[in-house]
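File shown: protein16.pdb (PDB, C-alpha atoms).
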ATOM      1  CA  MET A  14     -59.425 238.590 132.888
ATOM      2  CA  ILE A  15     -62.530 236.578 133.656
ATOM      3  CA  LYS A  16     -64.261 237.852 130.527
ATOM      4  CA  LYS A  17     -61.512 236.430 128.327
ATOM      5  CA  GLN A  18     -61.560 233.137 130.206
ATOM      6  CA  THR A  19     -65.321 232.837 129.803
ATOM      7  CA  ILE A  20     -65.184 233.611 126.083
ATOM      8  CA  ALA A  21     -62.509 230.927 125.797
ATOM      9  CA  VAL A  22     -64.867 228.453 127.471
ATOM     10  CA  VAL A  23     -67.633 229.357 125.013
ATOM     11  CA  ILE A  24     -65.269 228.977 122.038
ATOM     12  CA  ALA A  25     -64.195 225.590 123.365
ATOM     13  CA  LEU A  26     -67.859 224.627 123.651
ATOM     14  CA  LEU A  27     -68.473 225.562 120.031
ATOM     15  CA  VAL A  28     -65.386 223.672 118.863
ATOM     16  CA  LEU A  29     -66.557 220.617 120.776
ATOM     17  CA  PHE A  30     -69.923 220.715 119.061
ATOM     18  CA  ILE A  31     -68.386 221.165 115.639
ATOM     19  CA  SER A  32     -65.984 218.258 116.145
ATOM     20  CA  MET A  33     -68.455 215.956 117.912
ATOM     21  CA  PRO A  34     -70.106 213.455 115.585
ATOM     22  CA  SER A  35     -73.875 213.604 115.489
ATOM     23  CA  CYS A  36     -75.866 210.596 116.597
ATOM     24  CA  PHE A  37     -77.166 210.586 113.000
ATOM     25  CA  ALA A  38     -75.003 209.784 109.987
ATOM     26  CA  ALA A  39     -76.755 212.546 108.045
ATOM     27  CA  ALA A  40     -79.511 215.060 108.557
ATOM     28  CA  LYS A  41     -82.762 213.147 109.102
ATOM     29  CA  PHE A  42     -85.144 216.075 108.827
ATOM     30  CA  LYS A  43     -85.356 218.584 106.012
ATOM     31  CA  ILE A  44     -87.082 221.954 105.943
ATOM     32  CA  SER A  45     -87.299 224.765 103.445
ATOM     33  CA  PRO A  46     -84.407 227.139 104.134
ATOM     34  CA  MET A  47     -85.266 228.957 107.355
ATOM     35  CA  GLN A  48     -83.377 231.567 109.353
ATOM     36  CA  ILE A  49     -84.190 231.392 113.062
ATOM     37  CA  THR A  50     -83.338 233.792 115.839
ATOM     38  CA  ALA A  51     -83.056 232.543 119.420
ATOM     39  CA  ALA A  52     -83.112 234.914 122.394
ATOM     40  CA  ALA A  53     -80.704 233.715 125.088
ATOM     41  CA  GLY A  54     -79.112 235.625 127.968
ATOM     42  CA  SER A  55     -75.816 237.339 128.716
ATOM     43  CA  THR A  56     -72.669 235.931 127.141
ATOM     44  CA  GLY A  57     -71.076 233.589 129.656
ATOM     45  CA  GLY A  58     -74.337 232.811 131.449
ATOM     46  CA  SER A  59     -76.171 229.496 131.445
ATOM     47  CA  TRP A  60     -78.723 230.538 128.812
ATOM     48  CA  PHE A  61     -75.950 231.280 126.351
ATOM     49  CA  ILE A  62     -74.501 227.810 127.025
ATOM     50  CA  ILE A  63     -77.905 226.121 126.696
ATOM     51  CA  SER A  64     -78.867 227.983 123.526
ATOM     52  CA  THR A  65     -75.490 227.338 121.892
ATOM     53  CA  ALA A  66     -75.725 223.637 122.715
ATOM     54  CA  PHE A  67     -79.303 223.256 121.498
ATOM     55  CA  PHE A  68     -78.951 225.117 118.241
ATOM     56  CA  SER A  69     -75.637 223.489 117.379
ATOM     57  CA  LEU A  70     -77.443 220.172 117.791
ATOM     58  CA  PHE A  71     -80.369 221.357 115.689
ATOM     59  CA  GLY A  72     -78.081 222.716 113.001
ATOM     60  CA  ASP A  73     -76.305 219.358 112.706
ATOM     61  CA  ASN A  74     -79.537 217.415 112.306
ATOM     62  CA  ILE A  75     -82.053 219.682 110.575
ATOM     63  CA  GLN A  76     -81.179 220.360 106.969
ATOM     64  CA  GLY A  77     -82.086 223.861 105.810
ATOM     65  CA  LEU A  78     -81.939 225.421 109.266
ATOM     66  CA  SER A  79     -79.708 228.400 109.961
ATOM     67  CA  TYR A  80     -79.783 230.391 113.161
ATOM     68  CA  SER A  81     -78.425 233.268 115.198
ATOM     69  CA  ILE A  82     -78.352 233.571 118.975
ATOM     70  CA  ILE A  83     -78.897 237.035 120.425
ATOM     71  CA  PRO A  84     -78.524 238.388 123.980
ATOM     72  CA  GLY A  85     -81.707 238.662 125.981
ATOM     73  CA  GLY A  86     -83.136 238.120 129.430
ATOM     74  CA  GLY A  87     -85.947 236.545 131.386
ATOM     75  CA  VAL A  88     -88.246 239.572 131.215
ATOM     76  CA  ALA A  89     -87.387 240.702 127.690
ATOM     77  CA  ASN A  90     -87.447 237.298 125.992
ATOM     78  CA  SER A  91     -91.171 236.813 126.595
ATOM     79  CA  ILE A  92     -91.817 240.062 124.724
ATOM     80  CA  THR A  93     -89.296 239.360 121.968
ATOM     81  CA  VAL A  94     -90.682 235.918 121.127
ATOM     82  CA  ASN A  95     -94.301 237.012 121.520
ATOM     83  CA  LYS A  96     -93.675 239.660 118.811
ATOM     84  CA  LYS A  97     -91.646 237.246 116.618
ATOM     85  CA  ASP A  98     -88.570 239.436 116.857
ATOM     86  CA  ALA A  99     -87.100 236.060 117.855
ATOM     87  CA  GLN A 100     -88.794 232.730 117.211
ATOM     88  CA  PHE A 101     -87.287 230.828 120.134
ATOM     89  CA  GLY A 102     -86.121 231.837 123.571
ATOM     90  CA  MET A 103     -85.113 230.905 127.070
ATOM     91  CA  GLY A 104     -87.340 231.977 129.934
ATOM     92  CA  TYR A 105     -88.003 231.562 133.615
ATOM     93  CA  ASN A 106     -91.260 230.057 134.819
ATOM     94  CA  THR A 107     -91.863 233.174 136.938
ATOM     95  CA  ASN A 108     -91.522 235.607 134.022
ATOM     96  CA  LEU A 109     -93.541 233.505 131.585
ATOM     97  CA  TRP A 110     -96.360 233.226 134.134
ATOM     98  CA  ALA A 111     -96.389 236.984 134.688
ATOM     99  CA  ALA A 112     -96.299 237.594 130.924
ATOM    100  CA  VAL A 113     -99.230 235.360 130.021
ATOM    101  CA  ASN A 114    -101.270 236.883 132.864
ATOM    102  CA  GLY A 115    -100.294 240.475 132.108
ATOM    103  CA  GLN A 116     -98.803 241.038 135.549
ATOM    104  CA  ALA A 117     -95.873 243.308 136.434
ATOM    105  CA  PRO A 118     -93.470 243.996 134.889
ATOM    106  CA  TYR A 119     -95.671 243.341 131.823
ATOM    107  CA  LYS A 120     -98.340 245.854 130.812
ATOM    108  CA  GLU A 121    -100.495 243.442 128.800
ATOM    109  CA  LYS A 122    -101.091 239.729 128.404
ATOM    110  CA  LEU A 123     -98.615 238.042 126.070
ATOM    111  CA  VAL A 124    -100.484 235.082 124.584
ATOM    112  CA  ASN A 125     -98.350 234.009 121.615
ATOM    113  CA  ASN A 126     -95.696 231.997 123.465
ATOM    114  CA  ARG A 127     -95.686 228.203 123.686
ATOM    115  CA  ALA A 128     -93.531 225.916 125.821
ATOM    116  CA  ILE A 129     -91.193 223.339 124.348
ATOM    117  CA  ALA A 130     -89.690 222.006 127.572
ATOM    118  CA  ASN A 131     -89.283 222.495 131.260
ATOM    119  CA  LEU A 132     -85.563 221.768 131.309
ATOM    120  CA  ASN A 133     -85.622 220.632 134.947
ATOM    121  CA  ILE A 134     -82.828 223.131 135.617
ATOM    122  CA  SER A 135     -82.984 225.898 138.200
ATOM    123  CA  SER A 136     -81.125 229.180 138.508
ATOM    124  CA  VAL A 137     -80.337 230.102 142.097
ATOM    125  CA  LEU A 138     -79.812 233.671 143.303
ATOM    126  CA  HIS A 139     -76.154 234.318 144.180
ATOM    127  CA  PRO A 140     -75.553 237.479 146.284
ATOM    128  CA  TRP A 141     -71.779 237.933 145.984
ATOM    129  CA  ILE A 142     -69.728 240.510 147.892
ATOM    130  CA  LEU A 143     -65.998 241.024 148.229
ATOM    131  CA  LYS A 144     -64.690 239.625 151.500
ATOM    132  CA  SER A 145     -62.828 242.876 152.074
ATOM    133  CA  ALA A 146     -66.182 244.683 152.425
ATOM    134  CA  GLY A 147     -66.575 242.984 155.812
ATOM    135  CA  PHE A 148     -70.164 241.697 155.502
ATOM    136  CA  SER A 149     -71.534 238.178 155.815
ATOM    137  CA  ASN A 150     -75.198 238.798 155.040
ATOM    138  CA  LEU A 151     -77.549 241.283 153.395
ATOM    139  CA  ARG A 152     -79.208 242.487 156.598
ATOM    140  CA  GLU A 153     -75.858 243.723 157.943
ATOM    141  CA  ILE A 154     -75.403 245.899 154.879
ATOM    142  CA  ALA A 155     -78.844 247.460 155.326
ATOM    143  CA  ALA A 156     -78.410 247.929 159.078
ATOM    144  CA  LYS A 157     -75.216 249.927 158.558
ATOM    145  CA  LYS A 158     -76.587 251.826 155.545
ATOM    146  CA  HIS A 159     -73.406 250.889 153.781
ATOM    147  CA  ARG A 160     -72.538 252.751 150.575
ATOM    148  CA  LEU A 161     -72.848 249.574 148.555
ATOM    149  CA  LYS A 162     -71.571 249.475 145.001
ATOM    150  CA  VAL A 163     -73.605 246.662 143.470
ATOM    151  CA  ASP A 164     -74.334 245.379 139.996
ATOM    152  CA  THR A 165     -77.492 243.304 139.452
ATOM    153  CA  GLY A 166     -77.084 242.404 135.803
ATOM    154  CA  PRO A 167     -78.746 243.780 132.679
ATOM    155  CA  ARG A 168     -82.140 245.429 132.975
ATOM    156  CA  GLY A 169     -84.948 243.356 131.526
ATOM    157  CA  THR A 170     -83.546 240.041 132.707
ATOM    158  CA  GLY A 171     -85.126 237.580 135.103
ATOM    159  CA  GLY A 172     -81.963 237.539 137.179
ATOM    160  CA  GLU A 173     -81.982 241.311 137.612
ATOM    161  CA  LEU A 174     -85.627 241.241 138.647
ATOM    162  CA  ALA A 175     -84.953 238.468 141.173
ATOM    163  CA  ALA A 176     -81.987 240.420 142.542
ATOM    164  CA  GLN A 177     -84.003 243.626 142.805
ATOM    165  CA  ARG A 178     -86.809 241.873 144.687
ATOM    166  CA  ALA A 179     -84.521 240.020 147.095
ATOM    167  CA  LEU A 180     -82.442 243.104 147.867
ATOM    168  CA  ALA A 181     -85.554 245.191 148.545
ATOM    169  CA  LEU A 182     -86.972 242.568 150.911
ATOM    170  CA  HIS A 183     -83.700 242.726 152.881
ATOM    171  CA  GLY A 184     -83.981 246.514 153.173
ATOM    172  CA  LEU A 185     -81.677 247.165 150.248
ATOM    173  CA  SER A 186     -83.994 248.669 147.660
ATOM    174  CA  TYR A 187     -82.304 250.453 144.795
ATOM    175  CA  GLU A 188     -83.620 253.712 146.253
ATOM    176  CA  ASN A 189     -82.098 253.011 149.678
ATOM    177  CA  ILE A 190     -78.727 252.040 148.235
ATOM    178  CA  LYS A 191     -78.534 255.270 146.231
ATOM    179  CA  ALA A 192     -79.792 257.387 149.158
ATOM    180  CA  TRP A 193     -76.941 256.064 151.312
ATOM    181  CA  GLY A 194     -74.392 257.105 148.690
ATOM    182  CA  GLY A 195     -74.027 253.752 146.995
ATOM    183  CA  SER A 196     -74.606 252.824 143.370
ATOM    184  CA  VAL A 197     -76.578 250.277 141.363
ATOM    185  CA  THR A 198     -75.311 249.393 137.902
ATOM    186  CA  HIS A 199     -76.535 246.944 135.269
ATOM    187  CA  SER A 200     -73.892 245.111 133.259
ATOM    188  CA  ALA A 201     -73.562 241.823 131.429
ATOM    189  CA  TYR A 202     -72.328 238.945 133.599
ATOM    190  CA  THR A 203     -68.764 238.943 132.402
ATOM    191  CA  GLU A 204     -68.455 242.726 132.527
ATOM    192  CA  ALA A 205     -69.870 242.926 136.039
ATOM    193  CA  ILE A 206     -67.612 240.187 137.335
ATOM    194  CA  ASP A 207     -64.572 241.756 135.664
ATOM    195  CA  ARG A 208     -65.448 245.020 137.425
ATOM    196  CA  MET A 209     -65.815 243.171 140.721
ATOM    197  CA  GLN A 210     -62.473 241.497 140.216
ATOM    198  CA  ASP A 211     -60.893 244.889 139.566
ATOM    199  CA  GLY A 212     -62.541 246.418 142.651
ATOM    200  CA  HIS A 213     -64.708 248.911 140.756
ATOM    201  CA  ILE A 214     -67.779 247.354 142.401
ATOM    202  CA  GLU A 215     -67.927 245.268 145.541
ATOM    203  CA  SER A 216     -71.027 243.180 144.954
ATOM    204  CA  PHE A 217     -72.759 241.285 142.162
ATOM    205  CA  VAL A 218     -76.250 239.864 142.750
ATOM    206  CA  ASN A 219     -77.893 237.759 140.082
ATOM    207  CA  ASP A 220     -79.013 234.199 139.550
ATOM    208  CA  ASP A 221     -77.663 231.310 137.532
ATOM    209  CA  ILE A 222     -77.097 227.593 137.702
ATOM    210  CA  VAL A 223     -75.059 226.509 140.707
ATOM    211  CA  GLY A 224     -71.476 226.038 139.581
ATOM    212  CA  VAL A 225     -71.736 228.037 136.341
ATOM    213  CA  PRO A 226     -68.203 228.830 135.049
ATOM    214  CA  VAL A 227     -68.341 232.612 135.559
ATOM    215  CA  TYR A 228     -69.108 232.145 139.258
ATOM    216  CA  ILE A 229     -66.424 229.493 139.690
ATOM    217  CA  GLU A 230     -63.939 231.868 138.063
ATOM    218  CA  LEU A 231     -64.980 234.746 140.333
ATOM    219  CA  SER A 232     -64.424 232.705 143.495
ATOM    220  CA  GLN A 233     -61.022 231.650 142.225
ATOM    221  CA  ALA A 234     -59.969 235.165 141.239
ATOM    222  CA  ARG A 235     -60.983 237.047 144.394
ATOM    223  CA  ASP A 236     -61.817 236.368 148.040
ATOM    224  CA  VAL A 237     -65.603 236.646 147.996
ATOM    225  CA  VAL A 238     -68.517 235.878 150.281
ATOM    226  CA  LEU A 239     -71.765 234.295 149.111
ATOM    227  CA  MET A 240     -74.449 235.848 151.321
ATOM    228  CA  PRO A 241     -77.549 233.867 152.405
ATOM    229  CA  GLN A 242     -81.119 235.086 152.129
ATOM    230  CA  ASP A 243     -83.059 235.391 155.372
ATOM    231  CA  PRO A 244     -85.727 232.709 155.977
ATOM    232  CA  GLU A 245     -88.552 235.263 156.039
ATOM    233  CA  VAL A 246     -87.372 236.753 152.747
ATOM    234  CA  ILE A 247     -87.269 233.308 151.156
ATOM    235  CA  LYS A 248     -90.898 232.788 152.220
ATOM    236  CA  LYS A 249     -91.926 236.136 150.751
ATOM    237  CA  MET A 250     -90.073 235.484 147.495
ATOM    238  CA  ALA A 251     -92.015 232.221 147.189
ATOM    239  CA  GLY A 252     -95.385 233.514 148.348
ATOM    240  CA  GLU A 253     -95.435 236.843 146.515
ATOM    241  CA  TYR A 254     -93.494 236.086 143.339
ATOM    242  CA  GLY A 255     -93.450 232.307 142.850
ATOM    243  CA  TYR A 256     -89.752 231.609 143.447
ATOM    244  CA  THR A 257     -88.715 228.251 144.885
ATOM    245  CA  PRO A 258     -86.718 227.897 148.120
ATOM    246  CA  ALA A 259     -83.259 226.556 147.317
ATOM    247  CA  VAL A 260     -79.886 225.806 148.866
ATOM    248  CA  ILE A 261     -76.436 226.256 147.333
ATOM    249  CA  PRO A 262     -74.526 223.212 148.656
ATOM    250  CA  ALA A 263     -71.322 223.724 150.605
ATOM    251  CA  ASN A 264     -67.977 223.749 148.814
ATOM    252  CA  VAL A 265     -69.251 224.564 145.325
ATOM    253  CA  TYR A 266     -67.036 227.665 145.249
ATOM    254  CA  ARG A 267     -63.620 228.354 146.727
ATOM    255  CA  GLY A 268     -63.956 229.488 150.328
ATOM    256  CA  GLN A 269     -67.679 228.639 150.527
ATOM    257  CA  THR A 270     -67.665 226.034 153.284
ATOM    258  CA  ARG A 271     -71.339 226.222 154.314
ATOM    259  CA  GLU A 272     -74.699 225.765 152.643
ATOM    260  CA  VAL A 273     -76.236 229.039 151.480
ATOM    261  CA  PRO A 274     -80.069 229.370 151.669
ATOM    262  CA  SER A 275     -81.474 231.133 148.623
ATOM    263  CA  THR A 276     -84.284 231.129 146.046
ATOM    264  CA  ALA A 277     -84.532 229.743 142.524
ATOM    265  CA  GLN A 278     -86.565 229.820 139.339
ATOM    266  CA  SER A 279     -86.769 227.126 136.660
ATOM    267  CA  HIS A 280     -85.653 227.314 133.026
ATOM    268  CA  VAL A 281     -88.104 226.888 130.150
ATOM    269  CA  PHE A 282     -87.265 226.582 126.455
ATOM    270  CA  PHE A 283     -90.120 228.130 124.465
ATOM    271  CA  CYS A 284     -91.120 229.472 121.067
ATOM    272  CA  ASN A 285     -93.698 231.498 119.220
ATOM    273  CA  LYS A 286     -96.987 229.662 118.637
ATOM    274  CA  ASP A 287     -96.622 229.928 114.853
ATOM    275  CA  MET A 288     -93.514 227.756 114.638
ATOM    276  CA  PRO A 289     -94.203 224.678 112.445
ATOM    277  CA  ASP A 290     -95.336 221.624 114.385
ATOM    278  CA  ASP A 291     -92.920 219.275 112.607
ATOM    279  CA  LEU A 292     -89.953 221.530 113.323
ATOM    280  CA  VAL A 293     -90.744 221.852 117.022
ATOM    281  CA  TYR A 294     -91.375 218.100 117.254
ATOM    282  CA  GLU A 295     -87.959 217.396 115.759
ATOM    283  CA  MET A 296     -86.244 219.874 118.072
ATOM    284  CA  THR A 297     -87.922 218.403 121.146
ATOM    285  CA  LYS A 298     -86.958 214.888 120.125
ATOM    286  CA  LEU A 299     -83.369 215.908 119.425
ATOM    287  CA  ILE A 300     -82.997 217.463 122.883
ATOM    288  CA  PHE A 301     -84.041 214.363 124.771
ATOM    289  CA  THR A 302     -82.503 211.709 122.506
ATOM    290  CA  ASN A 303     -79.101 213.418 122.492
ATOM    291  CA  LYS A 304     -78.665 213.848 126.235
ATOM    292  CA  PRO A 305     -75.162 212.253 126.289
ATOM    293  CA  ARG A 306     -73.919 214.761 123.719
ATOM    294  CA  LEU A 307     -75.379 217.650 125.697
ATOM    295  CA  VAL A 308     -74.012 216.389 129.022
ATOM    296  CA  ALA A 309     -70.565 216.137 127.420
ATOM    297  CA  THR A 310     -70.631 219.921 126.995
ATOM    298  CA  HIS A 311     -71.938 220.810 130.461
ATOM    299  CA  LYS A 312     -73.166 218.823 133.436
ATOM    300  CA  LEU A 313     -76.236 221.071 133.780
ATOM    301  CA  PHE A 314     -77.875 218.898 131.090
ATOM    302  CA  GLU A 315     -77.764 215.875 133.393
ATOM    303  CA  ARG A 316     -81.210 216.860 134.689
ATOM    304  CA  LEU A 317     -82.913 216.710 131.278
ATOM    305  CA  ASN A 318     -85.875 214.350 131.563
ATOM    306  CA  PRO A 319     -88.709 213.944 129.029
ATOM    307  CA  ALA A 320     -91.077 213.006 131.864
ATOM    308  CA  VAL A 321     -90.557 216.496 133.318
ATOM    309  CA  GLY A 322     -90.520 218.320 129.980
ATOM    310  CA  PRO A 323     -94.274 219.064 129.756
ATOM    311  CA  LYS A 324     -94.826 219.504 133.499
ATOM    312  CA  ASP A 325     -95.220 222.613 135.704
ATOM    313  CA  LEU A 326     -95.297 224.996 132.757
ATOM    314  CA  PRO A 327     -96.966 228.427 132.980
ATOM    315  CA  ILE A 328     -97.836 228.546 129.261
ATOM    316  CA  PRO A 329     -99.378 225.952 126.892
ATOM    317  CA  VAL A 330     -97.168 223.285 125.357
ATOM    318  CA  HIS A 331     -96.554 223.726 121.633
ATOM    319  CA  PRO A 332     -98.407 221.018 119.623
ATOM    320  CA  GLY A 333     -95.143 219.816 118.069
ATOM    321  CA  ALA A 334     -93.573 219.296 121.490
ATOM    322  CA  ALA A 335     -96.789 217.705 122.782
ATOM    323  CA  ARG A 336     -96.615 215.148 119.961
ATOM    324  CA  TYR A 337     -93.190 213.986 121.186
ATOM    325  CA  TYR A 338     -94.277 213.865 124.827
ATOM    326  CA  LYS A 339     -97.272 211.727 123.890
ATOM    327  CA  GLU A 340     -95.007 209.313 121.996
ATOM    328  CA  VAL A 341     -92.853 208.768 125.090
ATOM    329  CA  GLY A 342     -95.785 208.634 127.513
ATOM    330  CA  ALA A 343     -95.102 211.938 129.245
ATOM    331  CA  LEU A 344     -98.470 213.325 128.100
ATOM    332  CA  LYS A 345    -101.775 211.570 127.501
TER     333      LYS A 345
END
Full structure transcribed into structure tokens:
Amino acid sequence: MIKKQTIAVVIALLVLFISMPSCFAAAKFKISPMQITAAAGSTGGSWFIISTAFFSLFGDNIQGLSYSIIPGGGVANSITVNKKDAQFGMGYNTNLWAAVNGQAPYKEKLVNNRAIANLNISSVLHPWILKSAGFSNLREIAAKKHRLKVDTGPRGTGGELAAQRALALHGLSYENIKAWGGSVTHSAYTEAIDRMQDGHIESFVNDDIVGVPVYIELSQARDVVLMPQDPEVIKKMAGEYGYTPAVIPANVYRGQTREVPSTAQSHVFFCNKDMPDDLVYEMTKLIFTNKPRLVATHKLFERLNPAVGPKDLPIPVHPGAARYYKEVGALK
């Protein structure tokens, strides 16, 4: 099952971090014993990989730090960290911007979050459908009022919100799908893809980094089609919600021989404003000075760049992170 394969990948990742020597002979930074909670995403998704990699690195190099990583999502994490139910989190630029401005889906302005880094990584929307369904694009599904059985990921996540918006702009609102006799469910990545593999659903629409393991595994397990977004929808996603036009290159997945036009949103590592400056400084420095170690776990870290870290952020940079960026000339 894909779920078991993905969990095996995560376990291998953890083993690699445990066995990999730190770039420091011993912990260089000491704090009073502190338990930290980090809000990530669904198990098997990119945010789980990123959070596991970061906090394993921090744990090896910051004496006194202990941590737990909890499931979360792009929408929910802004709320969780703002309230200090978690001290650190992963977010999308689109959700963090909406949160700090009190725009939908948020009911009030969330002003307690601070950015640590724009990770220079983008998640691209992937509208998957089983090849046996007989569709090549989203408009065809709407035109035929097909009884689509789709999963868009857990509620309260940035990927689910992106999927909901893109589907609606193609004529496939949740209301329409249900009115035509279809269904919309909300499962964790691995659960949804297992259900798609088993034929219980025929489509999964959510975003993640191009080439993330769960998507590679899906394309290898079943004959699937990656459906493009229409050009006019891409423009509306950018103009109305702040997504970035993107392209999934050809031949990333088995059977995907053409480029797939889509939309993307960028990943931001952030924290609550009350996190100690020295701790956040050390974390920021560790991220960018240990790039080879991070890249050894997943190629998504190849795009880490301190010059980009403080740029294009929808919320203020934490003072501890700003101190590091000033040292390396990324901020004045």
Quick one: of A:Pro327, A:Gly72, A:Gly57, A:Gly147, who's nearest to Val227 of chain A, counting only C-alpha atoms?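 Among the listed residues, A:Gly57 lies closest to Val227 of chain A.
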Take every atom of segment 160-172 of chain A listed in the file, pad by 6 Å on each side, and give me the axis-aligned box centre and edge lengths in Å, one decimal, as AutoDock Vina command-line options.
--center_x -78.3 --center_y 245.1 --center_z 141.1 --size_x 25.6 --size_y 27.2 --size_z 31.0
For the file shown, report as a PyMOL selection string the outcome of the PyMOL selection byres ((chain A and resi 276-286) around 8) at residue level. chain A and resi 94-95+97+100-107+125-138+220+242+247+250-251+256-260+274-275+287-288+326+331
Using all atoms listed in the file, tabulate the residues of segment 121-231 of chain A lying at most 9 Å from any atom of segment 79-85 of chain A, each with its closest atom pair and that distance in Å to one decimal, by chain and increasing residue number, as JSON lines.
{"residue": "A:Pro167", "atom": "CA", "partner": "A:Gly85", "partner_atom": "CA", "distance": 8.9}
{"residue": "A:Gly169", "atom": "CA", "partner": "A:Gly85", "partner_atom": "CA", "distance": 8.0}
{"residue": "A:Thr170", "atom": "CA", "partner": "A:Gly85", "partner_atom": "CA", "distance": 7.1}
Restricting it to C-alpha atoms, dump the selection as an mmCIF file, in the coordinates of the input.
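Full text of result.cif as output:
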data_model
loop_
_atom_site.group_PDB
_atom_site.id
_atom_site.type_symbol
_atom_site.label_atom_id
_atom_site.label_comp_id
_atom_site.auth_asym_id
_atom_site.auth_seq_id
_atom_site.Cartn_x
_atom_site.Cartn_y
_atom_site.Cartn_z
ATOM 1 C CA PRO A 167 -78.746 243.780 132.679
ATOM 2 C CA GLY A 169 -84.948 243.356 131.526
ATOM 3 C CA THR A 170 -83.546 240.041 132.707
#
Suppose you want the space between atom CA of Ala51 of chain A and atom CA of Ala117 of chain A; what is it in Å?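 Those two atoms sit 23.9 Å apart.
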Residue contacts of segment 159-163 of chain A (8 Å, only C-alpha atoms) excluding same-chain residues fewer than 4 positions away, as a list in words: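 Using only C-alpha atoms, the neighbours found are Ile154, Ala155, Ile190, Lys191, Trp193, Gly194, Gly195, Ser196, Val197, Thr198, Ile214, Glu215, Ser216, Phe217 and Val218 of chain A.
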Write out, as an mmCIF file, keeping the file's coordinate frame, the residues just selected, with C-alpha atoms.
data_model
loop_
_atom_site.group_PDB
_atom_site.id
_atom_site.type_symbol
_atom_site.label_atom_id
_atom_site.label_comp_id
_atom_site.auth_asym_id
_atom_site.auth_seq_id
_atom_site.Cartn_x
_atom_site.Cartn_y
_atom_site.Cartn_z
ATOM 1 C CA ILE A 154 -75.403 245.899 154.879
ATOM 2 C CA ALA A 155 -78.844 247.460 155.326
ATOM 3 C CA ILE A 190 -78.727 252.040 148.235
ATOM 4 C CA LYS A 191 -78.534 255.270 146.231
ATOM 5 C CA TRP A 193 -76.941 256.064 151.312
ATOM 6 C CA GLY A 194 -74.392 257.105 148.690
ATOM 7 C CA GLY A 195 -74.027 253.752 146.995
ATOM 8 C CA SER A 196 -74.606 252.824 143.370
ATOM 9 C CA VAL A 197 -76.578 250.277 141.363
ATOM 10 C CA THR A 198 -75.311 249.393 137.902
ATOM 11 C CA ILE A 214 -67.779 247.354 142.401
ATOM 12 C CA GLU A 215 -67.927 245.268 145.541
ATOM 13 C CA SER A 216 -71.027 243.180 144.954
ATOM 14 C CA PHE A 217 -72.759 241.285 142.162
ATOM 15 C CA VAL A 218 -76.250 239.864 142.750
#
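Atom CA of Lys324 of chain A sits 18.5 Å away from atom CA of Leu299 of chain A.
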Within 9 Å of (-72.3, 243.9, 133.7) (file coordinates; only C-alpha atoms), which protein or nucleic acid residues are there? I'd like them as JSON, numbers by chain. {"A": [55, 164, 165, 166, 167, 198, 199, 200, 201, 202, 203, 204, 205, 206, 207, 208, 217]}
Report, in Å to a single decimal, how far apart atom CA of Asn303 of chain A and atom CA of Leu344 of chain A are. 20.2 Å
Write out as a compact mmCIF listing (two decimals) with C-alpha atoms, in the frame of the given file which residues come within 7 Å of Ile261 of chain A when counting only C-alpha atoms, dropping same-chain ones fewer than 6 positions away.
# COMPACT_ATOMS: atom_id res chain seq x y z
CA VAL A 223 -75.06 226.51 140.71
CA GLU A 272 -74.70 225.76 152.64
CA VAL A 273 -76.24 229.04 151.48
CA PRO A 274 -80.07 229.37 151.67
Of the candidates A:Gly54, A:Tyr254, A:Asp291, A:Gly268, which one gets nearest to Trp110 of chain A if we count all atoms listed in the file?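 So, comparing all the options, the nearest one is A:Tyr254.
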Residues matched by the PyMOL selection byres ((chain A and resi 180) around 10) as a VMD selection string: chain A and resid 140 151 to 152 155 165 174 to 179 181 to 187 190 218 242 246
Taking (-81.5, 228.0, 104.6) in the file's coordinates as the center, which residues reach within 12 Å of it, counting only C-alpha atoms, put as a list in words?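 Those residues lying close to the given coordinates are Lys43, Ile44, Ser45, Pro46, Met47, Gln48, Ile49, Gly72, Ile75, Gln76, Gly77, Leu78, Ser79 and Tyr80 of chain A.
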Just the selected residues (C-alpha atoms), exported as an mmCIF file, in the frame of the given file, please.
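Now in selection23.cif:
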data_model
loop_
_atom_site.group_PDB
_atom_site.id
_atom_site.type_symbol
_atom_site.label_atom_id
_atom_site.label_comp_id
_atom_site.auth_asym_id
_atom_site.auth_seq_id
_atom_site.Cartn_x
_atom_site.Cartn_y
_atom_site.Cartn_z
ATOM 1 C CA LYS A 43 -85.356 218.584 106.012
ATOM 2 C CA ILE A 44 -87.082 221.954 105.943
ATOM 3 C CA SER A 45 -87.299 224.765 103.445
ATOM 4 C CA PRO A 46 -84.407 227.139 104.134
ATOM 5 C CA MET A 47 -85.266 228.957 107.355
ATOM 6 C CA GLN A 48 -83.377 231.567 109.353
ATOM 7 C CA ILE A 49 -84.190 231.392 113.062
ATOM 8 C CA GLY A 72 -78.081 222.716 113.001
ATOM 9 C CA ILE A 75 -82.053 219.682 110.575
ATOM 10 C CA GLN A 76 -81.179 220.360 106.969
ATOM 11 C CA GLY A 77 -82.086 223.861 105.810
ATOM 12 C CA LEU A 78 -81.939 225.421 109.266
ATOM 13 C CA SER A 79 -79.708 228.400 109.961
ATOM 14 C CA TYR A 80 -79.783 230.391 113.161
#
